[in-house]
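K.L.:
You'll find run08.cif just under this line, and it carries mmCIF, C-alpha atoms.
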```cif
data_entry
loop_
_atom_site.label_atom_id
_atom_site.label_comp_id
_atom_site.auth_asym_id
_atom_site.auth_seq_id
_atom_site.Cartn_x
_atom_site.Cartn_y
_atom_site.Cartn_z
CA MET A 286 0.00 0.00 0.00
CA SER A 287 1.07 3.55 -0.67
CA LEU A 288 0.04 6.84 0.86
CA SER A 289 -0.78 9.38 -1.85
CA LEU A 290 0.96 12.62 -0.88
CA PHE A 291 -0.56 14.70 -3.63
CA HIS A 292 -2.58 14.15 -6.79
CA PHE A 293 -2.90 17.17 -9.10
CA PHE A 294 -6.34 17.36 -10.72
CA ILE A 295 -6.46 20.05 -13.35
CA VAL A 296 -9.86 21.55 -12.62
CA ASN A 297 -11.15 25.08 -12.34
CA LYS A 298 -13.46 26.37 -9.64
CA GLY A 299 -16.51 25.20 -11.56
CA GLY A 300 -15.23 21.63 -11.47
CA THR A 301 -14.58 21.26 -15.22
CA MET A 302 -11.29 19.90 -16.53
CA LYS A 303 -8.70 22.31 -17.86
CA LYS A 304 -7.23 21.60 -21.28
CA GLN A 305 -3.58 21.22 -22.27
CA ILE A 306 -2.60 23.46 -25.18
CA GLU A 307 -1.42 21.11 -27.92
CA SER A 308 -0.28 23.88 -30.28
CA ILE A 309 2.27 25.15 -27.71
CA ASN A 310 5.11 22.81 -26.79
CA ILE A 311 5.76 24.00 -23.24
CA ARG A 312 4.74 21.98 -20.15
CA LEU A 313 5.19 22.50 -16.41
CA MET A 314 5.75 19.68 -13.94
CA VAL A 315 4.93 21.27 -10.61
CA PHE A 316 5.89 19.18 -7.61
CA ASP A 317 3.81 19.50 -4.46
CA SER A 318 6.68 21.33 -2.75
CA ALA A 319 6.18 24.30 -5.13
CA LEU A 320 2.46 24.03 -5.82
CA GLU A 321 1.42 27.59 -4.93
CA LEU A 322 4.30 29.17 -6.86
CA GLY A 323 3.74 26.83 -9.80
CA LYS A 324 0.08 27.78 -10.17
CA LYS A 325 0.97 31.48 -10.29
CA ILE A 326 3.67 30.83 -12.90
CA ASP A 327 1.13 28.89 -14.97
CA ASP A 328 -1.32 31.82 -14.82
CA TYR A 329 1.31 34.31 -16.02
CA LEU A 330 2.40 32.02 -18.87
CA LEU A 331 -1.21 31.70 -20.01
CA GLU A 332 -1.48 35.51 -20.02
CA MET A 333 1.68 35.75 -22.14
CA TYR A 334 0.15 33.38 -24.67
CA HIS A 335 -3.25 35.17 -24.47
CA LEU A 336 -5.06 32.05 -23.27
CA ASP A 337 -8.03 31.71 -20.93
CA LYS A 338 -6.78 30.80 -17.44
CA LYS A 339 -10.11 29.19 -16.56
CA LYS A 340 -10.02 26.74 -19.44
CA ASN A 341 -6.32 26.06 -20.07
CA THR A 342 -3.16 25.06 -18.23
CA PHE A 343 0.45 24.18 -18.99
CA ILE A 344 0.69 22.01 -15.87
CA VAL A 345 1.02 18.28 -16.46
CA PRO A 346 -1.04 16.22 -13.97
CA ILE A 347 1.21 14.01 -11.83
CA LYS A 348 0.80 11.68 -8.89
CA GLN A 349 3.38 11.57 -6.10
CA ASN A 350 3.27 8.55 -3.80
CA TYR A 351 5.20 7.63 -0.68
CA PHE A 352 5.20 3.94 0.19
CA GLU A 353 5.00 2.78 3.79
CA ASP A 354 8.69 1.85 3.81
CA GLY A 355 9.67 5.40 2.82
CA HIS A 356 10.24 4.92 -0.91
CA LEU A 357 8.58 7.39 -3.26
CA LYS A 358 7.31 7.26 -6.81
CA VAL A 359 6.27 9.93 -9.32
CA GLU A 360 3.77 9.07 -12.04
CA ILE A 361 2.91 11.28 -15.01
CA ASN A 362 -0.78 11.06 -15.93
CA GLU A 363 -0.48 12.58 -19.40
CA THR A 364 1.96 12.25 -22.29
CA VAL A 365 5.01 14.50 -22.34
CA ARG A 366 6.41 13.12 -25.58
CA GLY A 367 8.28 15.83 -27.51
CA LYS A 368 7.44 18.52 -24.91
CA ASP A 369 9.73 21.21 -23.48
CA MET A 370 9.42 20.38 -19.78
CA PHE A 371 10.02 22.82 -16.92
CA MET A 372 10.14 21.09 -13.52
CA ILE A 373 9.44 23.40 -10.58
CA THR A 374 10.47 22.32 -7.09
CA ASP A 375 11.18 23.89 -3.68
CA ILE A 376 13.70 22.09 -1.49
CA GLY A 377 12.85 24.46 1.37
CA ASN A 378 9.29 23.20 1.85
CA TYR A 379 9.30 21.22 5.08
CA SER A 380 5.51 21.28 5.54
CA LEU A 381 4.82 18.14 3.48
CA GLU A 382 4.26 14.94 5.40
CA TYR A 383 4.48 11.22 4.64
CA LYS A 384 4.24 8.05 6.70
CA MET A 385 7.07 5.55 7.07
CA HIS A 386 6.61 2.46 9.24
CA GLY A 387 3.70 4.21 10.93
CA PHE A 388 5.66 7.36 11.80
CA VAL A 389 4.81 10.75 10.29
CA ASN A 390 7.84 12.43 8.73
CA HIS A 391 8.33 15.86 7.17
CA THR A 392 10.03 16.04 3.80
CA SER A 393 13.68 17.09 3.85
CA PRO A 394 15.67 18.74 1.05
CA ASN A 395 17.11 15.29 0.30
CA ASP A 396 13.60 13.85 -0.12
CA ILE A 397 12.62 16.63 -2.53
CA VAL A 398 15.77 16.26 -4.65
CA GLN A 399 15.08 12.53 -4.94
CA GLN A 400 11.51 13.38 -5.94
CA LEU A 401 12.88 15.63 -8.69
CA LYS A 402 15.11 12.84 -10.00
CA ASP A 403 12.13 10.48 -9.97
CA GLY A 404 10.15 13.01 -12.02
CA ILE A 405 12.98 13.21 -14.54
CA GLY A 406 13.07 9.42 -14.74
CA ALA A 407 9.30 9.27 -15.21
CA CYS A 408 9.68 11.24 -18.44
CA ASN A 409 11.57 8.16 -19.71
CA CYS A 410 13.50 10.16 -22.34
CA HIS A 411 10.22 11.07 -24.07
CA ALA A 412 10.40 14.80 -23.32
CA GLN A 413 12.27 16.91 -25.85
CA ASN A 414 14.04 18.91 -23.14
CA ILE A 415 13.98 19.00 -19.34
CA ASN A 416 14.61 22.32 -17.59
CA ILE A 417 14.85 22.40 -13.80
CA VAL A 418 13.60 25.39 -11.80
CA MET A 419 14.98 25.12 -8.26
CA PRO A 420 14.91 28.65 -6.76
CA LEU A 421 16.49 27.69 -3.42
CA LEU A 422 19.60 25.76 -4.42
CA PHE A 423 20.05 22.39 -2.71
CA ALA A 424 23.03 22.50 -0.30
CA GLY A 425 23.90 25.89 -1.81
CA ARG A 426 25.90 26.93 1.24
CA GLN A 427 28.03 23.78 0.90
CA HIS A 428 29.90 25.38 -2.00
CA ARG A 429 33.45 24.72 -0.84
CA ARG A 430 35.28 21.99 1.06
CA ASN A 431 36.73 23.11 4.41
CA THR A 432 37.37 19.67 5.87
CA ARG A 433 36.73 15.99 5.08
CA GLU A 434 33.23 16.56 3.75
CA ASN A 435 31.13 16.09 0.63
CA LEU A 436 30.43 18.90 -1.83
CA ALA A 437 26.72 18.04 -1.84
CA CYS A 438 25.60 20.86 -4.14
CA GLY A 439 28.23 20.10 -6.77
CA MET A 440 27.44 16.39 -6.64
CA MET A 441 23.72 17.03 -7.13
CA LEU A 442 24.41 19.30 -10.12
CA HIS A 443 26.81 16.75 -11.61
CA GLU A 444 24.21 13.97 -11.30
CA LEU A 445 21.62 16.11 -13.09
CA ASP A 446 24.18 17.16 -15.68
CA ILE A 447 24.71 13.58 -16.89
CA MET A 448 21.00 12.74 -17.04
CA SER A 449 19.47 12.38 -20.47
CA ARG A 450 17.55 15.37 -21.89
CA VAL A 451 18.31 17.72 -18.97
CA LYS A 452 19.01 20.98 -20.78
CA SER A 453 19.14 23.75 -18.18
CA PHE A 454 19.15 24.49 -14.45
CA ILE A 455 17.54 27.71 -13.20
CA THR A 456 18.10 28.99 -9.68
CA PHE A 457 17.81 32.28 -7.78
CA ASP A 458 20.40 34.05 -5.66
CA ALA A 459 22.80 31.12 -5.34
CA HIS A 460 25.06 31.52 -2.31
CA ASP A 461 28.06 31.09 -4.61
CA GLN A 462 27.59 30.84 -8.37
CA GLY A 463 30.91 29.01 -8.59
CA VAL A 464 29.00 25.75 -8.02
CA GLU A 465 28.26 25.79 -11.76
CA HIS A 466 31.82 24.56 -12.30
CA ALA A 467 30.51 21.10 -11.37
CA ILE A 468 28.60 20.89 -14.68
CA HIS A 469 29.66 20.81 -18.32
CA ASN A 470 26.60 19.95 -20.40
CA MET A 471 23.48 21.71 -19.08
CA GLU A 472 23.04 25.47 -18.83
CA PHE A 473 23.19 27.12 -15.41
CA ASP A 474 21.35 30.42 -14.91
CA ASN A 475 21.37 32.30 -11.61
CA PHE A 476 18.92 35.19 -11.20
CA ILE A 477 18.81 37.68 -8.34
CA PRO A 478 15.30 39.12 -7.78
CA THR A 479 16.57 42.59 -6.89
CA ASN A 480 13.95 44.50 -8.87
CA GLU A 481 11.00 42.56 -7.43
CA ILE A 482 12.15 43.26 -3.87
CA LEU A 483 13.16 46.88 -4.39
CA GLU A 484 9.95 47.74 -6.21
CA GLN A 485 8.00 47.06 -3.03
CA LEU A 486 10.62 48.51 -0.67
CA ILE A 487 10.91 51.81 -2.59
CA HIS A 488 7.11 52.08 -2.67
CA ASP A 489 6.92 51.62 1.12
CA LEU A 490 9.75 53.97 2.14
CA SER A 491 9.05 57.66 2.61
CA ILE A 492 11.11 60.42 0.95
CA ARG A 493 12.69 61.19 4.31
CA GLN A 494 13.76 57.56 4.75
CA LEU A 495 15.23 57.47 1.24
CA LYS A 496 17.42 60.59 1.52
CA LYS A 497 20.14 59.02 3.69
CA ILE A 498 20.76 55.28 3.39
CA VAL A 499 23.56 53.05 4.61
CA PHE A 500 23.78 49.65 2.90
CA VAL A 501 25.11 46.97 5.22
CA SER A 502 26.42 43.45 4.72
CA PRO A 503 26.07 41.27 7.85
CA ASP A 504 29.28 39.36 6.98
CA ASN A 505 32.05 39.10 4.38
CA GLY A 506 30.05 36.76 2.16
CA ALA A 507 27.31 39.34 1.61
CA VAL A 508 29.53 42.23 0.46
CA GLY A 509 28.88 41.58 -3.25
CA ARG A 510 25.15 41.50 -2.69
CA ARG A 511 25.34 44.70 -0.62
CA ASN A 512 27.15 46.42 -3.50
CA LEU A 513 24.44 45.29 -5.92
CA TYR A 514 21.75 46.99 -3.83
CA LEU A 515 24.00 50.00 -3.21
CA ASN A 516 24.39 50.57 -6.95
CA SER A 517 20.66 50.08 -7.49
CA PHE A 518 20.11 53.30 -5.48
CA ASN A 519 22.56 55.36 -7.55
CA SER A 520 20.49 58.56 -7.52
CA VAL A 521 21.50 62.19 -6.95
CA ASN A 522 18.60 62.42 -4.52
CA ILE A 523 20.12 59.88 -2.13
CA HIS A 524 23.21 60.10 0.05
CA ARG A 525 24.61 56.56 0.22
CA GLU A 526 27.06 54.94 2.61
CA ALA A 527 28.34 51.36 2.81
CA GLY A 528 29.23 49.29 5.84
CA SER A 529 30.14 45.71 6.70
CA PHE A 530 30.18 43.47 9.73
CA TYR A 531 32.90 40.91 10.35
CA LYS A 532 32.14 37.87 12.45
CA GLN A 533 34.34 36.68 15.29
CA ARG A 534 33.71 32.97 15.84
CA ASP A 535 34.47 30.61 18.71
CA PHE A 536 36.38 27.77 17.05
CA ASN A 537 36.60 25.88 20.34
CA ASN A 538 32.91 24.94 20.19
CA PHE A 539 30.74 23.47 17.45
CA ILE A 540 27.02 24.00 18.10
CA ASP A 541 24.07 23.15 15.81
CA GLY A 542 26.37 22.48 12.88
CA LYS A 543 28.38 25.71 13.11
CA TYR A 544 30.94 27.62 15.17
CA PRO A 545 29.04 30.22 17.23
CA VAL A 546 29.54 33.93 16.55
CA ILE A 547 30.84 35.71 19.63
CA ALA A 548 31.03 39.26 18.22
CA HIS A 549 30.22 41.40 15.17
CA ASP A 550 32.77 44.11 14.32
CA TYR A 551 31.55 46.99 12.15
CA SER A 552 33.60 48.56 9.37
CA GLY A 553 32.31 51.79 7.86
CA MET A 554 31.20 55.30 8.80
CA LYS A 555 30.41 55.33 12.51
CA ASP A 556 28.19 58.45 12.65
CA LEU A 557 24.92 57.13 11.22
CA ASP A 558 22.53 59.34 13.17
CA GLY A 559 19.19 59.58 11.31
CA TYR A 560 20.17 57.14 8.56
CA THR A 561 18.03 54.35 7.12
CA ALA A 562 19.93 51.06 7.12
CA ILE A 563 19.27 48.37 4.51
CA VAL A 564 20.84 45.06 5.53
CA THR A 565 21.10 42.56 2.67
CA ASP A 566 21.81 38.83 2.55
CA ASP A 567 20.85 35.83 0.44
CA MET A 568 19.03 34.10 3.27
CA ILE A 569 18.11 34.25 6.92
CA SER A 570 18.34 30.89 8.65
CA SER A 571 17.65 31.20 12.38
CA GLY A 572 18.28 34.96 12.41
CA GLU A 573 20.67 34.89 15.37
CA SER A 574 23.48 36.69 13.51
CA MET A 575 21.04 39.28 12.18
CA PHE A 576 19.82 40.11 15.69
CA ASP A 577 23.38 41.03 16.72
CA VAL A 578 23.66 43.27 13.65
CA LEU A 579 20.42 45.08 14.58
CA VAL A 580 21.70 45.83 18.07
CA GLU A 581 25.02 47.19 16.79
CA LEU A 582 23.36 49.40 14.14
CA LYS A 583 21.10 50.99 16.73
CA LYS A 584 24.22 51.82 18.76
CA LEU A 585 25.53 53.73 15.72
CA GLY A 586 22.43 55.94 15.66
CA VAL A 587 20.56 54.36 12.74
CA LYS A 588 16.90 55.43 12.85
CA TYR A 589 15.25 52.90 10.51
CA ILE A 590 16.42 49.37 9.71
CA TYR A 591 15.09 47.21 6.87
CA LEU A 592 16.28 43.67 6.21
CA ILE A 593 16.38 42.10 2.75
CA ALA A 594 16.84 38.36 2.25
CA THR A 595 15.79 36.38 -0.82
CA TYR A 596 15.01 33.42 1.43
CA THR A 597 13.77 33.40 5.03
CA LEU A 598 14.02 29.91 6.52
CA PHE A 599 13.08 30.88 10.11
CA THR A 600 14.58 27.63 11.43
CA LYS A 601 13.87 28.73 15.01
CA GLY A 602 10.52 30.38 14.35
CA ILE A 603 9.67 34.09 14.36
CA THR A 604 9.12 34.75 18.09
CA LYS A 605 12.36 36.70 18.45
CA PHE A 606 11.66 38.66 15.27
CA GLU A 607 8.29 39.63 16.77
CA GLU A 608 10.00 40.80 19.96
CA TYR A 609 12.59 42.87 18.10
CA TYR A 610 9.90 44.47 15.94
CA LYS A 611 7.82 45.42 19.00
CA GLU A 612 10.95 46.91 20.57
CA LYS A 613 11.44 48.92 17.32
CA ARG A 614 14.86 47.41 16.68
CA PHE A 615 13.95 46.96 13.01
CA ASN A 616 11.14 48.21 10.77
CA GLY A 617 10.59 45.46 8.22
CA LEU A 618 11.90 42.38 6.48
CA TYR A 619 11.55 41.98 2.71
CA THR A 620 11.76 38.51 1.20
CA THR A 621 10.34 36.50 -1.72
CA ASN A 622 7.86 33.69 -2.31
CA LEU A 623 10.51 31.60 -4.08
CA SER A 624 10.63 29.22 -1.14
CA TYR A 625 8.13 28.08 1.47
CA ILE A 626 7.05 30.43 4.25
CA PRO A 627 4.26 29.24 6.60
CA LYS A 628 0.96 31.09 6.15
CA GLU A 629 0.89 32.17 9.80
CA TYR A 630 4.34 33.76 9.42
CA GLN A 631 3.22 35.70 6.35
CA LYS A 632 0.62 37.50 8.47
CA ALA A 633 3.33 39.27 10.51
CA LYS A 634 3.19 43.06 10.06
CA TRP A 635 6.94 43.33 9.58
CA LEU A 636 7.23 40.60 6.92
CA HIS A 637 6.79 41.64 3.28
CA VAL A 638 6.73 38.75 0.80
CA CYS A 639 7.48 39.90 -2.75
CA ASP A 640 5.88 37.86 -5.53
CA CYS A 641 8.46 36.59 -8.04
CA SER A 642 6.15 34.28 -10.02
CA LYS A 643 5.95 36.71 -12.95
CA LEU A 644 9.75 36.87 -13.11
CA VAL A 645 9.97 33.05 -13.22
CA ALA A 646 7.29 32.94 -15.93
CA GLU A 647 9.22 35.49 -18.03
CA ILE A 648 12.38 33.39 -17.69
CA ILE A 649 10.56 30.21 -18.73
CA TYR A 650 8.91 31.99 -21.66
CA SER A 651 12.25 33.38 -22.86
CA ILE A 652 14.15 30.10 -22.57
CA HIS A 653 11.38 28.11 -24.25
CA ASN A 654 11.28 30.53 -27.18
CA ASP A 655 15.09 30.77 -27.46
CA MET A 656 15.01 34.47 -26.57
CA SER A 657 17.82 36.38 -24.88
CA ILE A 658 17.61 36.58 -21.09
CA HIS A 659 20.20 39.38 -20.93
CA ASP A 660 17.71 42.05 -19.85
CA ILE A 661 16.27 39.81 -17.14
CA LEU A 662 19.76 39.07 -15.81
CA ARG A 663 21.30 42.50 -16.15
CA ASP A 664 18.58 45.19 -15.90
CA LYS A 665 19.69 47.28 -12.91
CA SER A 666 18.17 50.59 -13.99
CA TYR A 667 14.61 49.85 -12.86
CA PRO A 668 15.02 50.73 -9.14
CA ILE A 669 16.71 54.04 -10.07
CA LYS A 670 13.74 54.94 -12.28
CA LEU A 671 11.36 54.19 -9.42
CA ILE A 672 13.36 56.43 -7.08
CA GLU A 673 13.52 59.30 -9.56
CA ASP A 674 9.76 59.07 -10.19
CA LYS A 675 9.08 59.11 -6.46
CA PHE A 676 11.14 62.26 -5.89
CA LYS A 677 9.57 63.97 -8.92
CA LYS A 678 6.08 63.33 -7.56
CA GLU A 679 7.14 64.73 -4.20
CA LYS A 680 8.41 67.97 -5.82
CA LYS A 681 5.08 68.48 -7.61
CA LYS A 682 3.15 68.45 -4.34
#
```
What does the file become when written as structure tokens?
P.N.:
Amino acid sequence: MSLSLFHFFIVNKGGTMKKQIESINIRLMVFDSALELGKKIDDYLLEMYHLDKKKNTFIVPIKQNYFEDGHLKVEINETVRGKDMFMITDIGNYSLEYKMHGFVNHTSPNDIVQQLKDGIGACNCHAQNINIVMPLLFAGRQHRRNTRENLACGMMLHELDIMSRVKSFITFDAHDQGVEHAIHNMEFDNFIPTNEILEQLIHDLSIRQLKKIVFVSPDNGAVGRRNLYLNSFNSVNIHREAGSFYKQRDFNNFIDGKYPVIAHDYSGMKDLDGYTAIVTDDMISSGESMFDVLVELKKLGVKYIYLIATYTLFTKGITKFEEYYKEKRFNGLYTTNLSYIPKEYQKAKWLHVCDCSKLVAEIIYSIHNDMSIHDILRDKSYPIKLIEDKFKKEKKK
């Protein structure tokens, strides 16, 4: 016997079946880990092709089963022969459950990667191309070998690289893009959703908050990302500063898989009275390091603090974030919907989840139609235009 984890029925609200579009070669295989994101991507693709969202879909119906001994199986319920497949998965979704020997388990990143491989195998070489959309990169922080350990991310990419018909791998804000050196055959595209995040942030900030901004990296690894956001605010209307924190670690102890941080040292202009601080990173795990950064910035006189992280894992929950927000130690956290965030967390006043489904749909549309993705990868002028427009409107008042 098997426990059915998820069975995708392609039906609209009226209960009628949605049709696949035979004249268009694109298909989406949306795993249950990325179901909500996948549906939004499907809607945007249908708009791009001027098709009725109530009657049509690009999503291929699949069945994902977990057996009682823990094995899983993916079945495709419709032909994919000759199709350009885009498989959408989220290795950060820990909410899915399955039973093994009577115990209820939550899916791990390893489970979801195996599910992806099973989906590729289920295509049985019939698909014309297979393109993988994995926004949160599996083991992305395991990008270099520091001791006797496996390079899990590189191994996963290598395994996909040698699979038949796998054409491209699409990810977002990889911790280190150097992991692409593990592959030789498939394409590797890394997108950073800067515009999607800054569009909402710039809309929310007042003119007063925008006039003086310090861009901060919480550690050495985030300096490049800080500079990207710093340059995105290259406007004559804004006075910009840059700062960085350097972590001091206790190498005598190893706790929860890491050496604990014992201090954060700040490098940059010390007189930040009245400034708005924008702290940028690729992800927030537990948030412990970020809390230390918030305390230190307040000591420097920063008035407003906004956090930006493409992924918010909240591995220890959001209780401490709630406390810090109530104590006015920070003003907001901007993230994306590219990986799972519990619904109850999304209700927090300080958490702003930016929708990136349209961006993913544009990427899929461009790759499927052999169009250049240069503008999607390199367009950094959009935030500056938003800032200039905001200041112009303020002058007209």
K.L.:
Between A:Ile590, A:Ile540, A:Ile344, A:Ile482, single out the one closest to Lys303 (chain A), counting all atoms listed in the file.
P.N.:
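Distance minimum relative to Lys303 (chain A) lands on A:Ile344.
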K.L.:
Applied to the shown file, which residues does the PyMOL selection byres ((chain A and resi 375) around 10) return, written as a count of residues only?
P.N.:
26
K.L.:
Tell me which of A:Leu490, A:Ile652, A:Ile669, A:Leu592 sits closest to Phe473 (chain A), counting all atoms listed in the file.
P.N.:
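Checking each candidate against Phe473 (chain A), we get A:Ile652 as the closest.
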K.L.:
Can you pull out the residues contacting region 596-612 of chain A? Cut-off 9 Å, using only C-alpha atoms, and skip same-chain residues under 5 positions away; I want them as a tab-separated table (two decimals) with C-alpha atoms, in the frame of the given file.
P.N.:
```tsv
chain	number	residue	atom	x	y	z
A	377	GLY	CA	12.85	24.46	1.37
A	421	LEU	CA	16.49	27.69	-3.42
A	458	ASP	CA	20.40	34.05	-5.66
A	566	ASP	CA	21.81	38.83	2.55
A	567	ASP	CA	20.85	35.83	0.44
A	568	MET	CA	19.03	34.10	3.27
A	569	ILE	CA	18.11	34.25	6.92
A	570	SER	CA	18.34	30.89	8.65
A	571	SER	CA	17.65	31.20	12.38
A	572	GLY	CA	18.28	34.96	12.41
A	576	PHE	CA	19.82	40.11	15.69
A	579	LEU	CA	20.42	45.08	14.58
A	617	GLY	CA	10.59	45.46	8.22
A	620	THR	CA	11.76	38.51	1.20
A	621	THR	CA	10.34	36.50	-1.72
A	622	ASN	CA	7.86	33.69	-2.31
A	623	LEU	CA	10.51	31.60	-4.08
A	624	SER	CA	10.63	29.22	-1.14
A	625	TYR	CA	8.13	28.08	1.47
A	626	ILE	CA	7.05	30.43	4.25
A	630	TYR	CA	4.34	33.76	9.42
A	633	ALA	CA	3.33	39.27	10.51
A	635	TRP	CA	6.94	43.33	9.58
```
K.L.:
Starting from the PyMOL selection byres ((chain A and resi 392) around 6), expand the selection into actual residues of this file and give them as a ChimeraX atom specification.
P.N.:
/A:379,381,391,393,396
K.L.:
Mind writing the picked residues with C-alpha atoms as a PDB file, in the coordinates of the input?
P.N.:
```
ATOM      1  CA  TYR A 379       9.300  21.220   5.080  1.00  0.00           C
ATOM      2  CA  LEU A 381       4.820  18.140   3.480  1.00  0.00           C
ATOM      3  CA  HIS A 391       8.330  15.860   7.170  1.00  0.00           C
ATOM      4  CA  SER A 393      13.680  17.090   3.850  1.00  0.00           C
ATOM      5  CA  ASP A 396      13.600  13.850  -0.120  1.00  0.00           C
TER       6      ASP A 396
END
```
K.L.:
Within 12 Å of Lys680 (chain A), counting all atoms listed in the file, which residues show up once you throw out same-chain ones fewer than 6 positions away? Write them as a PyMOL selection string, please.
P.N.:
chain A and resi 492+522+673-674
K.L.:
I would like the residues chosen by the PyMOL selection byres ((chain A and resi 428-434) around 12) on the shown file; could you give them as a VMD selection string?
P.N.:
chain A and resid 422 to 427 435 to 442 459 to 467
K.L.:
Between A:Val521, A:Ala548, A:Leu331, A:Met372, which is the closest to Lys670 (chain A) once you count all atoms listed in the file?
P.N.:
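Nearest candidate to Lys670 (chain A) out of A:Val521, A:Ala548, A:Leu331, A:Met372: A:Val521.
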K.L.:
Residues within 6 Å of region 499-512 of chain A, please, as a ChimeraX atom specification. Count all atoms listed in the file; anything in the same chain fewer than 5 positions from it doesn't count.
P.N.:
/A:525-531,562-566
K.L.:
How many Å separate CA of Ile523 (chain A) from CA of Lys497 (chain A)?
P.N.:
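Calculated distance between CA of Ile523 (chain A) and CA of Lys497 (chain A) is 5.9 Å.
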K.L.:
Nearest to Glu321 (chain A): which of A:Lys677, A:Ser642, A:Leu671, A:Gln631 is it, counting only C-alpha atoms?
P.N.:
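When distances to Glu321 (chain A) are compared using only C-alpha atoms, the smallest one comes from A:Ser642.
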K.L.:
Work out how far apart CA of Asp446 (chain A) and CA of Phe476 (chain A) are and give it in Å to one decimal.
P.N.:
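For CA of Asp446 (chain A) relative to CA of Phe476 (chain A), the distance reads 19.3 Å.
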K.L.:
Have a look at A:Gly559, A:Pro346, A:Pro668, A:Pro627 and name the one nearest to Ser517 (chain A); count all atoms listed in the file.
P.N.:
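Looking only at the distances to Ser517 (chain A), the closest residue turns out to be A:Pro668.
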K.L.:
Which of these residues is nearest to Asn475 (chain A), using all atoms listed in the file: A:Phe352, A:Ile455, A:Ile405, A:Lys384?
P.N.:
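Looking only at the distances to Asn475 (chain A), the closest residue turns out to be A:Ile455.
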K.L.:
Quick check, in Å to one decimal: how far apart do CA of Ile487 (chain A) and CA of Ile672 (chain A) lie?
P.N.:
6.9 Å
K.L.:
Identify, on the basis of all atoms listed in the file, every residue whose closest approach to Met385 (chain A) does not exceed 9 Å; exclude the query and any residue fewer than 5 positions from it along the same chain; express the result as a PyMOL selection string.
P.N.:
chain A and resi 351-356+390
K.L.:
Kindly export the residues of the current selection with C-alpha atoms, as a PDB file, keeping the file's coordinate frame.
P.N.:
```pdb
ATOM      1  CA  TYR A 351       5.200   7.630  -0.680  1.00  0.00           C
ATOM      2  CA  PHE A 352       5.200   3.940   0.190  1.00  0.00           C
ATOM      3  CA  GLU A 353       5.000   2.780   3.790  1.00  0.00           C
ATOM      4  CA  ASP A 354       8.690   1.850   3.810  1.00  0.00           C
ATOM      5  CA  GLY A 355       9.670   5.400   2.820  1.00  0.00           C
ATOM      6  CA  HIS A 356      10.240   4.920  -0.910  1.00  0.00           C
ATOM      7  CA  ASN A 390       7.840  12.430   8.730  1.00  0.00           C
TER       8      ASN A 390
END
```
K.L.:
Can you list, as a PDB file with C-alpha atoms, keeping the file's coordinate frame, every protein, DNA or RNA residue that comes within 12 Å of Val365 (chain A) when you count all atoms listed in the file, leaving out same-chain residues fewer than 6 positions away?
P.N.:
```
ATOM      1  CA  GLN A 305      -3.580  21.220 -22.270  1.00  0.00           C
ATOM      2  CA  GLU A 307      -1.420  21.110 -27.920  1.00  0.00           C
ATOM      3  CA  ASN A 310       5.110  22.810 -26.790  1.00  0.00           C
ATOM      4  CA  ILE A 311       5.760  24.000 -23.240  1.00  0.00           C
ATOM      5  CA  ARG A 312       4.740  21.980 -20.150  1.00  0.00           C
ATOM      6  CA  LEU A 313       5.190  22.500 -16.410  1.00  0.00           C
ATOM      7  CA  MET A 314       5.750  19.680 -13.940  1.00  0.00           C
ATOM      8  CA  PHE A 343       0.450  24.180 -18.990  1.00  0.00           C
ATOM      9  CA  ILE A 344       0.690  22.010 -15.870  1.00  0.00           C
ATOM     10  CA  VAL A 345       1.020  18.280 -16.460  1.00  0.00           C
ATOM     11  CA  PRO A 346      -1.040  16.220 -13.970  1.00  0.00           C
ATOM     12  CA  ILE A 347       1.210  14.010 -11.830  1.00  0.00           C
ATOM     13  CA  PHE A 371      10.020  22.820 -16.920  1.00  0.00           C
ATOM     14  CA  GLY A 404      10.150  13.010 -12.020  1.00  0.00           C
ATOM     15  CA  ILE A 405      12.980  13.210 -14.540  1.00  0.00           C
ATOM     16  CA  ALA A 407       9.300   9.270 -15.210  1.00  0.00           C
ATOM     17  CA  CYS A 408       9.680  11.240 -18.440  1.00  0.00           C
ATOM     18  CA  ASN A 409      11.570   8.160 -19.710  1.00  0.00           C
ATOM     19  CA  CYS A 410      13.500  10.160 -22.340  1.00  0.00           C
ATOM     20  CA  HIS A 411      10.220  11.070 -24.070  1.00  0.00           C
ATOM     21  CA  ALA A 412      10.400  14.800 -23.320  1.00  0.00           C
ATOM     22  CA  GLN A 413      12.270  16.910 -25.850  1.00  0.00           C
ATOM     23  CA  ASN A 414      14.040  18.910 -23.140  1.00  0.00           C
ATOM     24  CA  ILE A 415      13.980  19.000 -19.340  1.00  0.00           C
TER      25      ILE A 415
END
```
K.L.:
Write out N, CA and C atoms for region 577-581 of chain A, as a PDB file, keeping the file's coordinate frame.
P.N.:
```pdb
ATOM      1  N   ASP A 577      22.191  40.317  16.235  1.00  0.00           N
ATOM      2  CA  ASP A 577      23.380  41.030  16.720  1.00  0.00           C
ATOM      3  C   ASP A 577      23.651  42.272  15.870  1.00  0.00           C
ATOM      4  N   VAL A 578      23.450  42.151  14.566  1.00  0.00           N
ATOM      5  CA  VAL A 578      23.660  43.270  13.650  1.00  0.00           C
ATOM      6  C   VAL A 578      22.683  44.408  13.968  1.00  0.00           C
ATOM      7  N   LEU A 579      21.433  44.069  14.246  1.00  0.00           N
ATOM      8  CA  LEU A 579      20.420  45.080  14.580  1.00  0.00           C
ATOM      9  C   LEU A 579      20.822  45.872  15.815  1.00  0.00           C
ATOM     10  N   VAL A 580      21.291  45.167  16.827  1.00  0.00           N
ATOM     11  CA  VAL A 580      21.700  45.830  18.070  1.00  0.00           C
ATOM     12  C   VAL A 580      22.852  46.798  17.820  1.00  0.00           C
ATOM     13  N   GLU A 581      23.849  46.356  17.058  1.00  0.00           N
ATOM     14  CA  GLU A 581      25.020  47.190  16.790  1.00  0.00           C
ATOM     15  C   GLU A 581      24.654  48.416  15.950  1.00  0.00           C
TER      16      GLU A 581
END
```
